[in-house]
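Undergrad: Below is the file entry-v7.pdb, with PDB, C-alpha atoms, pLDDT in the B column.
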```
ATOM      1  CA  MET A  29       0.000   0.000   0.000  1.00 50.00           C
ATOM      2  CA  ASP A  30       1.290   3.454  -0.907  1.00 49.00           C
ATOM      3  CA  SER A  31       2.321   5.100   2.361  1.00 44.00           C
ATOM      4  CA  ARG A  32       0.849   8.358   1.089  1.00 49.00           C
ATOM      5  CA  HIS A  33      -2.586   6.779   0.727  1.00 69.00           C
ATOM      6  CA  SER A  34      -4.699   6.016   3.772  1.00 89.00           C
ATOM      7  CA  THR A  35      -8.414   5.348   3.660  1.00 90.00           C
ATOM      8  CA  VAL A  36      -8.565   6.019   7.405  1.00 89.00           C
ATOM      9  CA  ALA A  37      -7.169   9.522   6.871  1.00 90.00           C
ATOM     10  CA  GLU A  38      -9.276  10.183   3.779  1.00 87.00           C
ATOM     11  CA  ASN A  39     -12.488   9.096   5.486  1.00 86.00           C
ATOM     12  CA  ALA A  40     -11.695  11.222   8.537  1.00 87.00           C
ATOM     13  CA  LEU A  41     -10.926  14.300   6.438  1.00 88.00           C
ATOM     14  CA  LEU A  42     -14.136  13.925   4.464  1.00 86.00           C
ATOM     15  CA  GLY A  43     -16.079  13.638   7.698  1.00 84.00           C
ATOM     16  CA  LEU A  44     -14.521  16.859   8.956  1.00 86.00           C
ATOM     17  CA  SER A  45     -15.170  18.635   5.666  1.00 86.00           C
ATOM     18  CA  TYR A  46     -18.866  17.799   5.704  1.00 84.00           C
ATOM     19  CA  ARG A  47     -19.222  17.960   9.501  1.00 81.00           C
ATOM     20  CA  SER A  48     -22.914  17.475  10.339  1.00 77.00           C
ATOM     21  CA  ARG A  49     -24.030  17.118   6.704  1.00 84.00           C
ATOM     22  CA  SER A  50     -23.893  13.328   6.688  1.00 82.00           C
ATOM     23  CA  ALA A  51     -26.616  12.912   4.059  1.00 81.00           C
ATOM     24  CA  ALA A  52     -24.712  15.110   1.603  1.00 84.00           C
ATOM     25  CA  LEU A  53     -21.473  13.277   2.398  1.00 87.00           C
ATOM     26  CA  ASN A  54     -23.055   9.868   1.813  1.00 82.00           C
ATOM     27  CA  GLU A  55     -24.465  11.044  -1.505  1.00 83.00           C
ATOM     28  CA  ALA A  56     -21.165  12.495  -2.719  1.00 87.00           C
ATOM     29  CA  TYR A  57     -18.948   9.754  -1.267  1.00 89.00           C
ATOM     30  CA  PRO A  58     -20.971   6.569  -0.671  1.00 92.00           C
ATOM     31  CA  ARG A  59     -19.788   4.279   2.118  1.00 93.00           C
ATOM     32  CA  VAL A  60     -18.735   0.900   0.735  1.00 96.00           C
ATOM     33  CA  LEU A  61     -18.119  -1.932   3.170  1.00 97.00           C
ATOM     34  CA  VAL A  62     -15.904  -4.643   1.683  1.00 97.00           C
ATOM     35  CA  LEU A  63     -16.564  -8.133   3.066  1.00 97.00           C
ATOM     36  CA  LEU A  64     -13.377 -10.087   2.462  1.00 97.00           C
ATOM     37  CA  ALA A  65     -13.298 -13.883   2.527  1.00 95.00           C
ATOM     38  CA  GLY A  66     -10.520 -16.239   1.467  1.00 94.00           C
ATOM     39  CA  HIS A  67     -10.504 -18.691  -1.439  1.00 95.00           C
ATOM     40  CA  PHE A  68      -8.307 -21.642  -2.340  1.00 94.00           C
ATOM     41  CA  ILE A  69      -7.916 -20.470  -5.966  1.00 93.00           C
ATOM     42  CA  GLY A  70      -6.356 -17.202  -4.825  1.00 91.00           C
ATOM     43  CA  MET A  71      -7.646 -13.709  -4.168  1.00 94.00           C
ATOM     44  CA  GLU A  72      -5.702 -11.372  -6.445  1.00 93.00           C
ATOM     45  CA  GLU A  73      -8.629 -10.486  -8.725  1.00 94.00           C
ATOM     46  CA  GLY A  74     -10.665  -9.557  -5.679  1.00 95.00           C
ATOM     47  CA  TYR A  75      -7.826  -7.515  -4.229  1.00 95.00           C
ATOM     48  CA  ALA A  76      -7.357  -5.723  -7.551  1.00 95.00           C
ATOM     49  CA  ALA A  77     -11.071  -4.951  -7.798  1.00 95.00           C
ATOM     50  CA  VAL A  78     -10.972  -3.267  -4.385  1.00 95.00           C
ATOM     51  CA  ARG A  79      -7.784  -1.368  -5.215  1.00 94.00           C
ATOM     52  CA  GLY A  80      -9.460  -0.105  -8.370  1.00 93.00           C
ATOM     53  CA  LEU A  81     -12.110   1.652  -6.301  1.00 92.00           C
ATOM     54  CA  SER A  82      -9.516   3.988  -4.785  1.00 83.00           C
ATOM     55  CA  THR A  83      -9.806   6.284  -7.812  1.00 80.00           C
ATOM     56  CA  GLY A  84     -13.555   6.673  -7.343  1.00 85.00           C
ATOM     57  CA  ASN A  85     -15.536   8.802  -4.930  1.00 89.00           C
ATOM     58  CA  PHE A  86     -16.108   6.031  -2.415  1.00 93.00           C
ATOM     59  CA  ARG A  87     -15.348   5.728   1.281  1.00 93.00           C
ATOM     60  CA  LEU A  88     -14.029   2.221   1.749  1.00 95.00           C
ATOM     61  CA  ARG A  89     -13.911   0.115   4.886  1.00 95.00           C
ATOM     62  CA  LEU A  90     -12.845  -3.504   5.153  1.00 96.00           C
ATOM     63  CA  TRP A  91     -14.219  -6.374   7.206  1.00 96.00           C
ATOM     64  CA  ALA A  92     -12.072  -9.494   6.900  1.00 95.00           C
ATOM     65  CA  GLU A  93     -13.322 -12.885   8.014  1.00 92.00           C
ATOM     66  CA  ASP A  94     -11.706 -14.361  11.101  1.00 89.00           C
ATOM     67  CA  HIS A  95      -9.817 -17.013   9.131  1.00 87.00           C
ATOM     68  CA  LEU A  96      -8.053 -14.372   7.055  1.00 89.00           C
ATOM     69  CA  LEU A  97      -7.087 -12.400  10.131  1.00 89.00           C
ATOM     70  CA  SER A  98      -5.557 -15.540  11.602  1.00 89.00           C
ATOM     71  CA  THR A  99      -3.337 -16.056   8.549  1.00 90.00           C
ATOM     72  CA  ARG A 100      -2.672 -12.489   7.377  1.00 91.00           C
ATOM     73  CA  SER A 101      -1.836  -9.353   9.298  1.00 92.00           C
ATOM     74  CA  ALA A 102      -3.919  -6.207   9.055  1.00 91.00           C
ATOM     75  CA  GLY A 103      -0.978  -4.530   7.341  1.00 92.00           C
ATOM     76  CA  GLU A 104      -0.792  -7.242   4.696  1.00 94.00           C
ATOM     77  CA  LEU A 105      -4.510  -6.982   3.965  1.00 94.00           C
ATOM     78  CA  ALA A 106      -4.172  -3.202   3.711  1.00 93.00           C
ATOM     79  CA  ARG A 107      -1.326  -3.550   1.209  1.00 93.00           C
ATOM     80  CA  CYS A 108      -3.267  -6.081  -0.860  1.00 94.00           C
ATOM     81  CA  THR A 109      -6.542  -4.151  -0.965  1.00 95.00           C
ATOM     82  CA  GLY A 110      -5.393  -0.555  -0.614  1.00 94.00           C
ATOM     83  CA  VAL A 111      -7.793  -0.205   2.339  1.00 94.00           C
ATOM     84  CA  ASP A 112      -6.372   0.347   5.815  1.00 93.00           C
ATOM     85  CA  ASP A 113      -9.708   1.224   7.433  1.00 94.00           C
ATOM     86  CA  LEU A 114     -10.372  -2.216   8.913  1.00 93.00           C
ATOM     87  CA  ILE A 115     -13.310  -3.013  11.169  1.00 92.00           C
ATOM     88  CA  PRO A 116     -11.878  -4.193  14.514  1.00 88.00           C
ATOM     89  CA  PRO A 117     -13.009  -7.759  15.319  1.00 83.00           C
ATOM     90  CA  GLY A 118     -14.643  -6.577  18.527  1.00 82.00           C
ATOM     91  CA  GLN A 119     -16.937  -4.185  16.661  1.00 85.00           C
ATOM     92  CA  VAL A 120     -18.265  -6.348  13.841  1.00 84.00           C
ATOM     93  CA  HIS A 121     -21.302  -7.471  15.829  1.00 85.00           C
ATOM     94  CA  LYS A 122     -22.420  -3.841  15.985  1.00 87.00           C
ATOM     95  CA  LEU A 123     -22.579  -3.395  12.206  1.00 92.00           C
ATOM     96  CA  SER A 124     -25.983  -2.758  10.653  1.00 93.00           C
ATOM     97  CA  PRO A 125     -27.368  -1.522   7.312  1.00 93.00           C
ATOM     98  CA  ALA A 126     -27.050   2.026   8.652  1.00 91.00           C
ATOM     99  CA  ASP A 127     -23.250   1.710   8.549  1.00 92.00           C
ATOM    100  CA  ALA A 128     -22.838   1.422   4.760  1.00 94.00           C
ATOM    101  CA  ASP A 129     -24.464   2.494   1.524  1.00 94.00           C
ATOM    102  CA  ALA A 130     -23.360  -0.657  -0.322  1.00 96.00           C
ATOM    103  CA  LEU A 131     -21.672  -3.994   0.363  1.00 97.00           C
ATOM    104  CA  LEU A 132     -19.039  -5.524  -1.907  1.00 98.00           C
ATOM    105  CA  ILE A 133     -17.928  -9.167  -1.771  1.00 98.00           C
ATOM    106  CA  PRO A 134     -14.721  -9.223  -3.850  1.00 97.00           C
ATOM    107  CA  VAL A 135     -13.963 -12.900  -3.177  1.00 96.00           C
ATOM    108  CA  LEU A 136     -16.925 -15.285  -3.187  1.00 96.00           C
ATOM    109  CA  SER A 137     -15.708 -18.375  -1.381  1.00 95.00           C
ATOM    110  CA  LEU A 138     -17.688 -21.569  -1.782  1.00 96.00           C
ATOM    111  CA  SER A 139     -18.372 -21.695   1.944  1.00 95.00           C
ATOM    112  CA  LEU A 140     -19.792 -18.165   1.906  1.00 96.00           C
ATOM    113  CA  LEU A 141     -21.776 -18.970  -1.242  1.00 97.00           C
ATOM    114  CA  SER A 142     -23.297 -22.034   0.411  1.00 97.00           C
ATOM    115  CA  ARG A 143     -24.143 -20.157   3.603  1.00 97.00           C
ATOM    116  CA  LEU A 144     -25.748 -17.341   1.625  1.00 97.00           C
ATOM    117  CA  VAL A 145     -27.902 -19.714  -0.384  1.00 97.00           C
ATOM    118  CA  GLN A 146     -29.079 -21.302   2.871  1.00 97.00           C
ATOM    119  CA  LEU A 147     -29.613 -17.862   4.451  1.00 97.00           C
ATOM    120  CA  ASP A 148     -27.432 -18.980   7.344  1.00 97.00           C
ATOM    121  CA  THR A 149     -27.648 -15.762   9.336  1.00 96.00           C
ATOM    122  CA  GLY A 150     -25.672 -17.356  12.139  1.00 94.00           C
ATOM    123  CA  HIS A 151     -22.663 -16.421  10.018  1.00 94.00           C
ATOM    124  CA  PRO A 152     -21.866 -12.716  10.575  1.00 94.00           C
ATOM    125  CA  PHE A 153     -21.266 -11.945   6.886  1.00 96.00           C
ATOM    126  CA  VAL A 154     -24.551 -13.571   5.900  1.00 97.00           C
ATOM    127  CA  ARG A 155     -26.462 -11.770   8.632  1.00 97.00           C
ATOM    128  CA  LEU A 156     -25.245  -8.371   7.468  1.00 97.00           C
ATOM    129  CA  ILE A 157     -25.775  -9.193   3.789  1.00 97.00           C
ATOM    130  CA  VAL A 158     -29.359 -10.325   4.384  1.00 98.00           C
ATOM    131  CA  GLU A 159     -30.078  -7.272   6.534  1.00 96.00           C
ATOM    132  CA  ASN A 160     -28.736  -4.966   3.815  1.00 95.00           C
ATOM    133  CA  LEU A 161     -30.750  -6.709   1.105  1.00 96.00           C
ATOM    134  CA  CYS A 162     -33.885  -6.360   3.215  1.00 94.00           C
ATOM    135  CA  ALA A 163     -33.051  -2.683   3.768  1.00 92.00           C
ATOM    136  CA  GLY A 164     -32.799  -2.111   0.008  1.00 91.00           C
ATOM    137  CA  LYS A 165     -29.036  -1.536   0.059  1.00 93.00           C
ATOM    138  CA  PRO A 166     -26.958  -2.629  -2.970  1.00 95.00           C
ATOM    139  CA  VAL A 167     -24.915  -5.804  -2.505  1.00 97.00           C
ATOM    140  CA  GLY A 168     -22.506  -7.022  -5.185  1.00 97.00           C
ATOM    141  CA  ALA A 169     -20.263 -10.075  -5.460  1.00 97.00           C
ATOM    142  CA  LEU A 170     -17.467 -11.087  -7.819  1.00 96.00           C
ATOM    143  CA  THR A 171     -18.404 -14.576  -8.962  1.00 95.00           C
ATOM    144  CA  LEU A 172     -15.188 -16.095 -10.318  1.00 92.00           C
ATOM    145  CA  GLY A 173     -14.774 -17.977  -7.037  1.00 93.00           C
ATOM    146  CA  ALA A 174     -17.756 -20.085  -8.098  1.00 93.00           C
ATOM    147  CA  GLU A 175     -16.881 -20.346 -11.803  1.00 92.00           C
ATOM    148  CA  PRO A 176     -14.725 -23.468 -12.265  1.00 91.00           C
ATOM    149  CA  GLU A 177     -14.389 -22.688 -15.986  1.00 89.00           C
ATOM    150  CA  HIS A 178     -12.436 -19.529 -15.102  1.00 88.00           C
ATOM    151  CA  TYR A 179      -8.719 -19.725 -15.870  1.00 87.00           C
ATOM    152  CA  ARG A 180      -7.847 -19.162 -12.202  1.00 88.00           C
ATOM    153  CA  TRP A 181      -9.180 -22.616 -11.401  1.00 92.00           C
ATOM    154  CA  SER A 182      -7.128 -24.172 -14.192  1.00 89.00           C
ATOM    155  CA  GLU A 183      -3.993 -22.430 -12.929  1.00 90.00           C
ATOM    156  CA  GLN A 184      -4.452 -24.240  -9.627  1.00 90.00           C
ATOM    157  CA  GLY A 185      -4.963 -27.587 -11.362  1.00 92.00           C
ATOM    158  CA  LEU A 186      -8.659 -27.544 -10.486  1.00 93.00           C
ATOM    159  CA  SER A 187     -10.282 -27.682 -13.915  1.00 88.00           C
ATOM    160  CA  GLN A 188     -11.709 -31.202 -13.730  1.00 93.00           C
ATOM    161  CA  ALA A 189     -14.891 -30.588 -11.744  1.00 92.00           C
ATOM    162  CA  SER A 190     -17.754 -32.917 -12.640  1.00 95.00           C
ATOM    163  CA  PRO A 191     -20.743 -31.577 -14.602  1.00 94.00           C
ATOM    164  CA  LEU A 192     -22.944 -31.960 -11.518  1.00 96.00           C
ATOM    165  CA  LEU A 193     -20.540 -29.991  -9.331  1.00 95.00           C
ATOM    166  CA  LYS A 194     -20.348 -27.213 -11.914  1.00 94.00           C
ATOM    167  CA  GLU A 195     -24.118 -27.145 -12.277  1.00 95.00           C
ATOM    168  CA  ASN A 196     -24.584 -26.913  -8.508  1.00 96.00           C
ATOM    169  CA  MET A 197     -22.207 -23.945  -8.376  1.00 95.00           C
ATOM    170  CA  ARG A 198     -24.050 -22.211 -11.205  1.00 95.00           C
ATOM    171  CA  SER A 199     -27.368 -22.890  -9.500  1.00 96.00           C
ATOM    172  CA  MET A 200     -26.189 -21.391  -6.216  1.00 96.00           C
ATOM    173  CA  VAL A 201     -24.854 -18.297  -7.980  1.00 97.00           C
ATOM    174  CA  ALA A 202     -28.199 -17.908  -9.758  1.00 96.00           C
ATOM    175  CA  THR A 203     -29.904 -18.081  -6.367  1.00 97.00           C
ATOM    176  CA  LEU A 204     -27.792 -15.158  -5.153  1.00 97.00           C
ATOM    177  CA  SER A 205     -28.959 -13.160  -8.147  1.00 97.00           C
ATOM    178  CA  GLY A 206     -32.535 -14.027  -7.252  1.00 97.00           C
ATOM    179  CA  TYR A 207     -31.929 -12.754  -3.726  1.00 97.00           C
ATOM    180  CA  GLY A 208     -30.938  -9.392  -5.204  1.00 96.00           C
ATOM    181  CA  ILE A 209     -27.143  -9.675  -5.111  1.00 97.00           C
ATOM    182  CA  LYS A 210     -25.525  -8.161  -8.208  1.00 96.00           C
ATOM    183  CA  LEU A 211     -23.186 -10.624  -9.923  1.00 97.00           C
ATOM    184  CA  LEU A 212     -19.968  -8.913 -10.995  1.00 96.00           C
ATOM    185  CA  SER A 213     -16.827  -9.541 -12.994  1.00 93.00           C
ATOM    186  CA  PRO A 214     -13.527  -8.113 -11.669  1.00 91.00           C
ATOM    187  CA  ALA A 215     -13.893  -5.041 -13.902  1.00 92.00           C
ATOM    188  CA  ASP A 216     -17.444  -4.211 -12.789  1.00 94.00           C
ATOM    189  CA  PRO A 217     -17.417  -2.894  -9.184  1.00 94.00           C
ATOM    190  CA  GLY A 218     -16.646   0.760  -9.937  1.00 93.00           C
ATOM    191  CA  SER A 219     -19.352   1.228 -12.555  1.00 92.00           C
ATOM    192  CA  TRP A 220     -21.832  -0.845 -10.540  1.00 94.00           C
ATOM    193  CA  LEU A 221     -21.319   1.217  -7.404  1.00 92.00           C
ATOM    194  CA  SER A 222     -21.559   4.477  -9.337  1.00 86.00           C
ATOM    195  CA  SER A 223     -24.907   3.442 -10.812  1.00 85.00           C
ATOM    196  CA  SER A 224     -26.299   1.903  -7.621  1.00 75.00           C
ATOM    197  CA  ALA A 225     -26.752   5.138  -5.694  1.00 57.00           C
ATOM    198  CA  VAL A 226     -30.530   5.078  -5.915  1.00 49.00           C
ATOM    199  CA  PRO A 227     -32.877   6.166  -3.140  1.00 51.00           C
ATOM    200  CA  PRO A 228     -34.123   3.235  -1.041  1.00 55.00           C
ATOM    201  CA  ARG A 229     -37.696   2.141  -1.535  1.00 57.00           C
ATOM    202  CA  LYS A 230     -40.077   3.729   0.920  1.00 64.00           C
ATOM    203  CA  GLN A 231     -41.660   1.649   3.631  1.00 76.00           C
ATOM    204  CA  VAL A 232     -45.427   1.828   3.968  1.00 87.00           C
ATOM    205  CA  LEU A 233     -46.869   1.763   7.471  1.00 89.00           C
ATOM    206  CA  THR A 234     -50.524   0.760   7.537  1.00 92.00           C
ATOM    207  CA  GLU A 235     -53.305   0.367  10.086  1.00 92.00           C
ATOM    208  CA  GLU A 236     -52.659  -3.384  10.014  1.00 90.00           C
ATOM    209  CA  ASP A 237     -49.074  -2.790  11.152  1.00 91.00           C
ATOM    210  CA  ILE A 238     -50.276  -0.681  14.075  1.00 92.00           C
ATOM    211  CA  LEU A 239     -52.832  -3.271  15.150  1.00 94.00           C
ATOM    212  CA  GLU A 240     -50.164  -5.974  14.980  1.00 90.00           C
ATOM    213  CA  ALA A 241     -47.976  -3.859  17.268  1.00 90.00           C
ATOM    214  CA  VAL A 242     -50.892  -3.519  19.687  1.00 92.00           C
ATOM    215  CA  LYS A 243     -51.297  -7.310  19.782  1.00 89.00           C
ATOM    216  CA  LEU A 244     -47.609  -7.611  20.646  1.00 87.00           C
ATOM    217  CA  ALA A 245     -48.001  -5.034  23.439  1.00 90.00           C
ATOM    218  CA  ARG A 246     -45.498  -2.734  21.772  1.00 90.00           C
ATOM    219  CA  THR A 247     -45.477   0.954  22.595  1.00 92.00           C
ATOM    220  CA  SER A 248     -43.512   2.170  19.572  1.00 91.00           C
ATOM    221  CA  ILE A 249     -42.602   1.401  15.966  1.00 91.00           C
ATOM    222  CA  THR A 250     -39.256   2.533  14.550  1.00 86.00           C
ATOM    223  CA  LEU A 251     -38.968   3.410  10.860  1.00 83.00           C
ATOM    224  CA  ASN A 252     -35.468   3.292   9.395  1.00 71.00           C
ATOM    225  CA  GLY A 253     -35.284   5.302   6.188  1.00 67.00           C
ATOM    226  CA  PRO A 254     -37.965   6.903   4.003  1.00 71.00           C
ATOM    227  CA  ALA A 255     -41.504   5.872   4.845  1.00 80.00           C
ATOM    228  CA  VAL A 256     -45.129   6.548   3.990  1.00 88.00           C
ATOM    229  CA  ILE A 257     -47.564   6.453   6.908  1.00 91.00           C
ATOM    230  CA  THR A 258     -51.179   6.116   5.903  1.00 93.00           C
ATOM    231  CA  PRO A 259     -53.665   8.492   7.575  1.00 93.00           C
ATOM    232  CA  LEU A 260     -55.507   5.543   9.108  1.00 93.00           C
ATOM    233  CA  ALA A 261     -52.234   4.237  10.528  1.00 93.00           C
ATOM    234  CA  ARG A 262     -51.584   7.607  12.176  1.00 93.00           C
ATOM    235  CA  ASP A 263     -55.083   7.701  13.652  1.00 94.00           C
ATOM    236  CA  THR A 264     -54.827   4.137  14.932  1.00 94.00           C
ATOM    237  CA  ALA A 265     -51.399   4.763  16.432  1.00 94.00           C
ATOM    238  CA  ARG A 266     -52.758   7.816  18.227  1.00 94.00           C
ATOM    239  CA  GLN A 267     -55.761   5.835  19.454  1.00 94.00           C
ATOM    240  CA  TYR A 268     -53.621   3.091  20.989  1.00 94.00           C
ATOM    241  CA  GLY A 269     -50.740   5.287  22.126  1.00 95.00           C
ATOM    242  CA  ILE A 270     -48.211   3.780  19.705  1.00 93.00           C
ATOM    243  CA  GLU A 271     -45.264   6.112  19.124  1.00 93.00           C
ATOM    244  CA  ILE A 272     -43.898   6.206  15.557  1.00 91.00           C
ATOM    245  CA  ILE A 273     -40.159   6.880  15.656  1.00 89.00           C
ATOM    246  CA  HIS A 274     -38.255   8.041  12.582  1.00 78.00           C
ATOM    247  CA  ALA A 275     -34.642   6.863  12.779  1.00 65.00           C
ATOM    248  CA  GLY A 276     -31.781   7.774  10.495  1.00 51.00           C
ATOM    249  CA  PHE A 277     -33.159  11.116   9.297  1.00 45.00           C
ATOM    250  CA  GLU A 278     -31.237  14.364   9.173  1.00 40.00           C
TER
END
```
What is this structure when it is put down as structure tokens?

TA:
Amino acid sequence: MDSRHSTVAENALLGLSYRSRSAALNEAYPRVLVLLAGHFIGMEEGYAAVRGLSTGNFRLRLWAEDHLLSTRSAGELARCTGVDDLIPPGQVHKLSPADADALLIPVLSLSLLSRLVQLDTGHPFVRLIVENLCAGKPVGALTLGAEPEHYRWSEQGLSQASPLLKENMRSMVATLSGYGIKLLSPADPGSWLSSSAVPPRKQVLTEEDILEAVKLARTSITLNGPAVITPLARDTARQYGIEIIHAGFE
């Protein structure tokens, strides 16, 4: 990593420049959280894809899986990716969709692919990915880690997968697409992220939602992001003393 380049410093300076105008900052410099997993065919294409984002107007942070952190130092990962703003292991459980505008998976390991297909939210990466998809946040993944026809597999002497194994990999990747994850080649992340800055879909809060909250003996409903509250929902909330809380607004 170029010693003159630090994503930690750049992110801090941008925060100071925009001060309390976080919405404007996020629009001008979207926050991209990179979820980095390992792969037995190698990771260079994924590393290069992340490094390529340094020329764009993105604020990058990196979350590396525990296995990587046990085999590579934070400094080595920073040199490989060009991102030295790493999420400390003790803070990853606090991450939520509010902490990023997009997620990028530059290395799609088969274990992560399998867990995603099964919606195994016991895995921290999968939990955050599913939460972001449900929040309408863009999630993209480079797919060569599940493409045994790619030359990287052949370079490792792994080009003899059976037709059934290949078909299962293709099927799982197609499932990710169905979940809403954008399938990317190594050259795609920059253009995908630039075109993905679309406003999230608005939630709609209805009378039925309020009545369901009453049944659950709740006293409030929190809305994260843009929302439409129907007049009947407002009246019903007032009738039953349900507080409607708007979170994440400027």

Undergrad: Of the residues A:Arg266, A:Ser205, A:Ala106, A:Ile69, which is the one nearest to Ala174 in chain A, using all atoms listed in the file?

TA: A:Ile69

Undergrad: Restricting the calculation to all atoms listed in the file: of A:Val36, A:Leu172, A:Val154, A:Val256, which residue gets closest to His67 in chain A?

TA: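 Ranked by minimum distance to His67 in chain A, first place goes to A:Leu172.
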
Undergrad: Compile a residue-level contact table for range 104-216 of chain A against range 41-58 of chain A at a cut-off of 9 Å, reporting for every qualifying residue the shortest atom pair and its distance in Å to one decimal, with only C-alpha atoms counted, rows ordered by chain and ascending number, as CSV.

TA:
```
residue,atom,partner,partner_atom,distance
A:Ala128,CA,A:Pro58,CA,7.7
A:Asp129,CA,A:Pro58,CA,5.8
A:Ala130,CA,A:Pro58,CA,7.6
```

Undergrad: Counting all atoms listed in the file, which residue out of A:Gly80, A:Gly74, A:Pro259, A:Pro254 sits closest to Leu221 in chain A?

TA: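 Ranking A:Gly80, A:Gly74, A:Pro259, A:Pro254 by distance to Leu221 in chain A, first place goes to A:Gly80.
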
Undergrad: Do you have the CA of Lys194 in chain A-CA of Pro152 in chain A distance handy?

TA: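 Distance between the two atoms: 26.8 Å.
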
Undergrad: So that each row is one residue of range 178-255 of chain A with an atom at most 9 Å from range 137-147 of chain A, can you give its shortest atom pair and the distance in Å to one decimal, using all atoms listed in the file, rows by chain and rising number, as a Markdown table?

TA:
```
| residue | atom | partner | partner_atom | distance |
| --- | --- | --- | --- | --- |
| A:Met197 | CA | A:Leu138 | CA | 8.3 |
| A:Met200 | CA | A:Val145 | CA | 6.3 |
| A:Val201 | CA | A:Leu141 | CA | 7.4 |
| A:Thr203 | CA | A:Val145 | CA | 6.5 |
| A:Leu204 | CA | A:Val145 | CA | 6.6 |
| A:Tyr207 | CA | A:Val145 | CA | 8.7 |
```

Undergrad: Compare A:Asn85, A:Ala77, A:Gly70, A:Ala37 by their minimum atom-to-atom distance to Gln184 in chain A, counting all atoms listed in the file, and give me the closest one.

TA: A:Gly70

Undergrad: Please, what distance in Å, to one decimal, runs between CA of Arg59 in chain A and CA of Arg89 in chain A?

TA: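 The value is 7.7 Å.
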
Undergrad: Would you write out, as a PyMOL selection string, every residue that the PyMOL selection byres ((chain A and resi 107) around 12) captures in this file?

TA: chain A and resi 29-31+33-35+72+75-76+78-79+100-106+108-114

Undergrad: State, in Å with one decimal place, the distance from CA of Lys210 in chain A to CA of His274 in chain A.

TA: 29.3 Å

Undergrad: Between A:Leu233, A:Ile249, A:Val158, A:Leu244, which one has atoms that come closest to Gly208 in chain A, using all atoms listed in the file?

TA: A:Val158

Undergrad: Decode the PyMOL selection byres ((chain A and resi 159-161) around 8) for the given file into explicit residues and return them as a count of residues only.

TA: 16

Undergrad: Looking at A:Glu93, A:Asp148, A:Thr264, A:Trp181, which one is nearest to Val242 in chain A, with distances taken over only C-alpha atoms?

TA: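 Using only C-alpha atoms, Val242 in chain A sits closest to A:Thr264.
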
Undergrad: Let me know the residues the PyMOL selection byres ((chain A and resi 133) around 7) catches in the file above, as a ChimeraX atom specification.

TA: /A:62-64,131-132,134-136,168-170

Undergrad: Around (-10.7, -20.8, 6.6), as given in the file, which residues come within 7 Å? Count all atoms listed in the file and list them as a count of residues only.

TA: 3

Undergrad: With 5 Å on each side, where is the centre of the axis-aligned box around all listed atoms of range 194-211 of chain A, and how long are its edges in Å to one decimal, as lines of an AutoDock Vina configuration file?

TA:
```
center_x = -26.4
center_y = -17.7
center_z = -8.0
size_x = 22.2
size_y = 29.1
size_z = 18.6
```
